[in-house]
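Asker: Got a file for you: query00.pdb, PDB, C-alpha atoms, pLDDT in the B column.
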```
ATOM      1  CA  MET A   1     118.322 118.535  90.891  1.00 47.00           C
ATOM      2  CA  LYS A   2     121.772 117.815  92.228  1.00 45.00           C
ATOM      3  CA  LYS A   3     123.788 120.609  93.808  1.00 48.00           C
ATOM      4  CA  ASP A   4     126.741 120.080  91.441  1.00 48.00           C
ATOM      5  CA  LEU A   5     124.480 120.432  88.392  1.00 55.00           C
ATOM      6  CA  THR A   6     123.076 123.704  89.758  1.00 54.00           C
ATOM      7  CA  GLU A   7     126.603 125.007  90.333  1.00 54.00           C
ATOM      8  CA  ALA A   8     127.760 123.823  86.895  1.00 50.00           C
ATOM      9  CA  LEU A   9     124.992 125.878  85.298  1.00 67.00           C
ATOM     10  CA  ASN A  10     125.973 128.951  87.368  1.00 80.00           C
ATOM     11  CA  GLY A  11     122.302 129.555  88.044  1.00 88.00           C
ATOM     12  CA  ASP A  12     121.495 130.027  84.339  1.00 93.00           C
ATOM     13  CA  PHE A  13     118.335 128.059  83.557  1.00 95.00           C
ATOM     14  CA  ALA A  14     117.089 130.384  80.785  1.00 95.00           C
ATOM     15  CA  ASN A  15     114.784 128.776  78.223  1.00 96.00           C
ATOM     16  CA  MET A  16     115.173 125.298  79.776  1.00 95.00           C
ATOM     17  CA  ASP A  17     112.415 122.687  80.104  1.00 96.00           C
ATOM     18  CA  LEU A  18     112.222 122.240  83.889  1.00 96.00           C
ATOM     19  CA  ARG A  19     108.633 121.025  84.222  1.00 96.00           C
ATOM     20  CA  GLY A  20     108.031 119.434  87.614  1.00 97.00           C
ATOM     21  CA  VAL A  21     111.585 119.935  88.915  1.00 96.00           C
ATOM     22  CA  ASP A  22     111.876 120.109  92.709  1.00 96.00           C
ATOM     23  CA  PHE A  23     113.930 123.119  93.857  1.00 96.00           C
ATOM     24  CA  THR A  24     112.707 122.860  97.472  1.00 96.00           C
ATOM     25  CA  GLY A  25     114.990 124.684  99.912  1.00 96.00           C
ATOM     26  CA  ARG A  26     117.606 125.588  97.290  1.00 95.00           C
ATOM     27  CA  ASN A  27     119.499 128.886  97.302  1.00 95.00           C
ATOM     28  CA  LEU A  28     118.880 130.225  93.798  1.00 96.00           C
ATOM     29  CA  SER A  29     119.526 133.910  94.454  1.00 95.00           C
ATOM     30  CA  GLN A  30     120.091 135.804  91.201  1.00 96.00           C
ATOM     31  CA  ALA A  31     119.317 132.682  89.147  1.00 96.00           C
ATOM     32  CA  ASN A  32     118.109 133.259  85.601  1.00 97.00           C
ATOM     33  CA  PHE A  33     114.938 131.334  84.668  1.00 97.00           C
ATOM     34  CA  ALA A  34     113.922 133.726  81.847  1.00 98.00           C
ATOM     35  CA  GLY A  35     111.741 131.959  79.302  1.00 98.00           C
ATOM     36  CA  ALA A  36     112.006 128.605  81.095  1.00 97.00           C
ATOM     37  CA  ASN A  37     109.127 126.115  81.253  1.00 98.00           C
ATOM     38  CA  LEU A  38     108.679 125.535  84.995  1.00 98.00           C
ATOM     39  CA  GLU A  39     105.110 124.235  84.907  1.00 98.00           C
ATOM     40  CA  GLY A  40     104.415 122.274  88.096  1.00 98.00           C
ATOM     41  CA  ALA A  41     107.883 122.967  89.550  1.00 98.00           C
ATOM     42  CA  CYS A  42     108.345 123.279  93.316  1.00 98.00           C
ATOM     43  CA  PHE A  43     110.188 126.194  94.962  1.00 98.00           C
ATOM     44  CA  ILE A  44     108.950 125.639  98.539  1.00 98.00           C
ATOM     45  CA  ASP A  45     111.321 127.371 101.017  1.00 98.00           C
ATOM     46  CA  ALA A  46     113.685 128.313  98.157  1.00 97.00           C
ATOM     47  CA  ILE A  47     115.787 131.470  98.278  1.00 97.00           C
ATOM     48  CA  LEU A  48     115.084 133.380  95.065  1.00 98.00           C
ATOM     49  CA  VAL A  49     116.377 136.857  95.914  1.00 98.00           C
ATOM     50  CA  ASN A  50     116.641 138.902  92.693  1.00 98.00           C
ATOM     51  CA  ALA A  51     115.899 135.818  90.548  1.00 98.00           C
ATOM     52  CA  ASN A  52     114.754 136.447  86.978  1.00 98.00           C
ATOM     53  CA  PHE A  53     111.644 134.562  85.804  1.00 98.00           C
ATOM     54  CA  GLU A  54     110.693 137.011  83.026  1.00 98.00           C
ATOM     55  CA  GLY A  55     108.608 135.308  80.338  1.00 98.00           C
ATOM     56  CA  ALA A  56     108.695 131.926  82.109  1.00 98.00           C
ATOM     57  CA  ASN A  57     105.819 129.450  82.294  1.00 98.00           C
ATOM     58  CA  LEU A  58     105.056 129.135  86.021  1.00 98.00           C
ATOM     59  CA  LYS A  59     101.633 127.516  85.684  1.00 98.00           C
ATOM     60  CA  ASN A  60     100.816 125.375  88.753  1.00 98.00           C
ATOM     61  CA  THR A  61     104.220 126.167  90.317  1.00 98.00           C
ATOM     62  CA  ASP A  62     104.496 126.206  94.129  1.00 98.00           C
ATOM     63  CA  PHE A  63     106.450 129.086  95.703  1.00 98.00           C
ATOM     64  CA  SER A  64     105.128 128.524  99.250  1.00 98.00           C
ATOM     65  CA  CYS A  65     107.376 130.112 101.906  1.00 98.00           C
ATOM     66  CA  ALA A  66     109.931 131.114  99.234  1.00 98.00           C
ATOM     67  CA  ASN A  67     112.024 134.259  99.692  1.00 98.00           C
ATOM     68  CA  ALA A  68     111.671 135.960  96.294  1.00 98.00           C
ATOM     69  CA  TRP A  69     112.697 139.474  97.399  1.00 98.00           C
ATOM     70  CA  GLY A  70     113.178 141.617  94.283  1.00 98.00           C
ATOM     71  CA  ALA A  71     112.394 138.764  91.868  1.00 98.00           C
ATOM     72  CA  ASP A  72     111.255 139.533  88.312  1.00 98.00           C
ATOM     73  CA  PHE A  73     108.004 137.748  87.391  1.00 98.00           C
ATOM     74  CA  ASN A  74     107.208 140.126  84.510  1.00 98.00           C
ATOM     75  CA  LYS A  75     105.332 138.645  81.530  1.00 98.00           C
ATOM     76  CA  THR A  76     105.100 135.212  83.197  1.00 98.00           C
ATOM     77  CA  ASN A  77     102.269 132.712  83.055  1.00 98.00           C
ATOM     78  CA  CYS A  78     101.491 132.330  86.762  1.00 98.00           C
ATOM     79  CA  GLN A  79      98.099 130.667  86.265  1.00 98.00           C
ATOM     80  CA  SER A  80      97.172 128.696  89.392  1.00 98.00           C
ATOM     81  CA  ALA A  81     100.624 129.266  90.942  1.00 98.00           C
ATOM     82  CA  VAL A  82     100.833 129.282  94.747  1.00 98.00           C
ATOM     83  CA  PHE A  83     102.757 131.969  96.674  1.00 98.00           C
ATOM     84  CA  LEU A  84     101.496 130.952 100.145  1.00 98.00           C
ATOM     85  CA  SER A  85     103.443 132.887 102.815  1.00 98.00           C
ATOM     86  CA  ALA A  86     106.091 133.857 100.234  1.00 98.00           C
ATOM     87  CA  ASN A  87     108.238 136.966 100.680  1.00 98.00           C
ATOM     88  CA  LEU A  88     107.586 138.967  97.499  1.00 98.00           C
ATOM     89  CA  THR A  89     108.916 142.307  98.754  1.00 98.00           C
ATOM     90  CA  GLU A  90     109.822 144.469  95.730  1.00 97.00           C
ATOM     91  CA  ALA A  91     108.971 141.606  93.329  1.00 98.00           C
ATOM     92  CA  SER A  92     107.533 142.653  89.969  1.00 97.00           C
ATOM     93  CA  PHE A  93     104.580 141.025  88.167  1.00 98.00           C
ATOM     94  CA  GLU A  94     104.045 143.508  85.287  1.00 98.00           C
ATOM     95  CA  GLY A  95     102.164 141.866  82.422  1.00 98.00           C
ATOM     96  CA  ALA A  96     101.938 138.518  84.262  1.00 98.00           C
ATOM     97  CA  ASP A  97      98.895 136.239  83.879  1.00 98.00           C
ATOM     98  CA  LEU A  98      97.761 135.816  87.496  1.00 97.00           C
ATOM     99  CA  ASP A  99      94.488 133.971  86.792  1.00 97.00           C
ATOM    100  CA  GLY A 100      93.832 131.628  89.720  1.00 97.00           C
ATOM    101  CA  THR A 101      97.090 132.564  91.467  1.00 98.00           C
ATOM    102  CA  SER A 102      97.094 132.440  95.281  1.00 97.00           C
ATOM    103  CA  PHE A 103      98.955 135.067  97.311  1.00 97.00           C
ATOM    104  CA  ALA A 104      97.503 134.023 100.696  1.00 97.00           C
ATOM    105  CA  GLN A 105      99.607 135.396 103.577  1.00 97.00           C
ATOM    106  CA  ALA A 106     102.323 136.547 101.127  1.00 97.00           C
ATOM    107  CA  ASN A 107     104.387 139.663 101.834  1.00 96.00           C
ATOM    108  CA  LEU A 108     103.688 141.975  98.868  1.00 93.00           C
ATOM    109  CA  THR A 109     105.408 145.095 100.240  1.00 90.00           C
ATOM    110  CA  GLU A 110     106.284 147.550  97.446  1.00 78.00           C
TER     111      GLU A 110
END
```
Could you write out this structure as structure tokens?

Answerer:
Amino acid sequence: MKKDLTEALNGDFANMDLRGVDFTGRNLSQANFAGANLEGACFIDAILVNANFEGANLKNTDFSCANAWGADFNKTNCQSAVFLSANLTEASFEGADLDGTSFAQANLTE
């Protein structure tokens, strides 16, 4: 996704079909992905501080090494998602489907 498109959307990706989109290394702090379909998307090394993913489809999504401090993953489908070495300090997963999800070496403080 081009930087100018991200800026044009002001970080509001709510309810969008973003299957397989590569957000690697992007700064998406406070972005709104509520209700979005992000199946198979890539957030490796992305900055997702206080991002909102509530109700999103995150099946098979890769958050390896992402900084998702304070992110909202409530009511998401995180089936088979990967959070390898991700910073999930103060992140919330209430009501999320975590079947097959990997949190290996992730920071899950608070």

Asker: So that I can check the surroundings of Phe93 (chain A), please list as a PyMOL selection string every protein, DNA and RNA residue that reaches within 9 Å of it, counting only C-alpha atoms and ignoring chain neighbours fewer than 3 positions away.

Answerer: chain A and resi 54+71-76+96-98

Asker: Quick one, how far is CA of Cys65 (chain A) from CA of Cys78 (chain A)?

Answerer: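 Interatomic distance here is 16.4 Å.
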
Asker: If the PyMOL selection byres ((chain A and resi 85) around 7) is run on the structure shown, which residues does it catch, given as a list in words?

Answerer: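 After applying the PyMOL selection byres ((chain A and resi 85) around 7), what remains is Ser64, Cys65, Phe83, Leu84, Ala86, Asn87, Ala104, Gln105, Ala106 and Asn107 of chain A.
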
Asker: Find, counting all atoms listed in the file, the residue in A:Gly40, A:Gly35, A:Gly100, A:Gly25 that gets nearest to Asp12 (chain A).

Answerer: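 The closest residue to Asp12 (chain A) is A:Gly35.
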
Asker: Using the chain letters and numbering of this document, enumerate as an MDAnalysis selection string the residues selected by the PyMOL selection byres ((chain A and resi 70) around 9).

Answerer: chainID A and resid 48:51 68:69 71:72 88:92

Asker: Pick the closest to Ala14 (chain A) from A:Ala66, A:Asn32, A:Lys59, A:Ser80: which is it, counting all atoms listed in the file?

Answerer: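 Closest to Ala14 (chain A), using all atoms listed in the file: A:Asn32.
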
Asker: Using all atoms listed in the file, which residue out of A:Asn67, A:Thr61, A:Asn15, A:Asn77 lies closest to Ser29 (chain A)?

Answerer: A:Asn67

Asker: Step by step, work through what the PyMOL selection byres ((chain A and resi 46) around 6) selects in the shown file, and finish by giving those residues as a ChimeraX atom specification.

Answerer: /A:24-27,43-45,47,66

Asker: By how many Å are CA of Phe33 (chain A) and CA of Thr109 (chain A) apart?

Answerer: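 Here the two named atoms are 22.9 Å from each other.
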
Asker: So which one's closest to Gly20 (chain A), A:Gln79, A:Thr101, A:Asn37, A:Asn52? Using all atoms listed in the file, please.

Answerer: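 Comparing A:Gln79, A:Thr101, A:Asn37, A:Asn52 against Gly20 (chain A), the winner is A:Asn37.
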
Asker: Just give me the gap between CA of Asp22 (chain A) and CA of Glu110 (chain A) in Å, one decimal is fine.

Answerer: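 Interatomic distance here is 28.4 Å.
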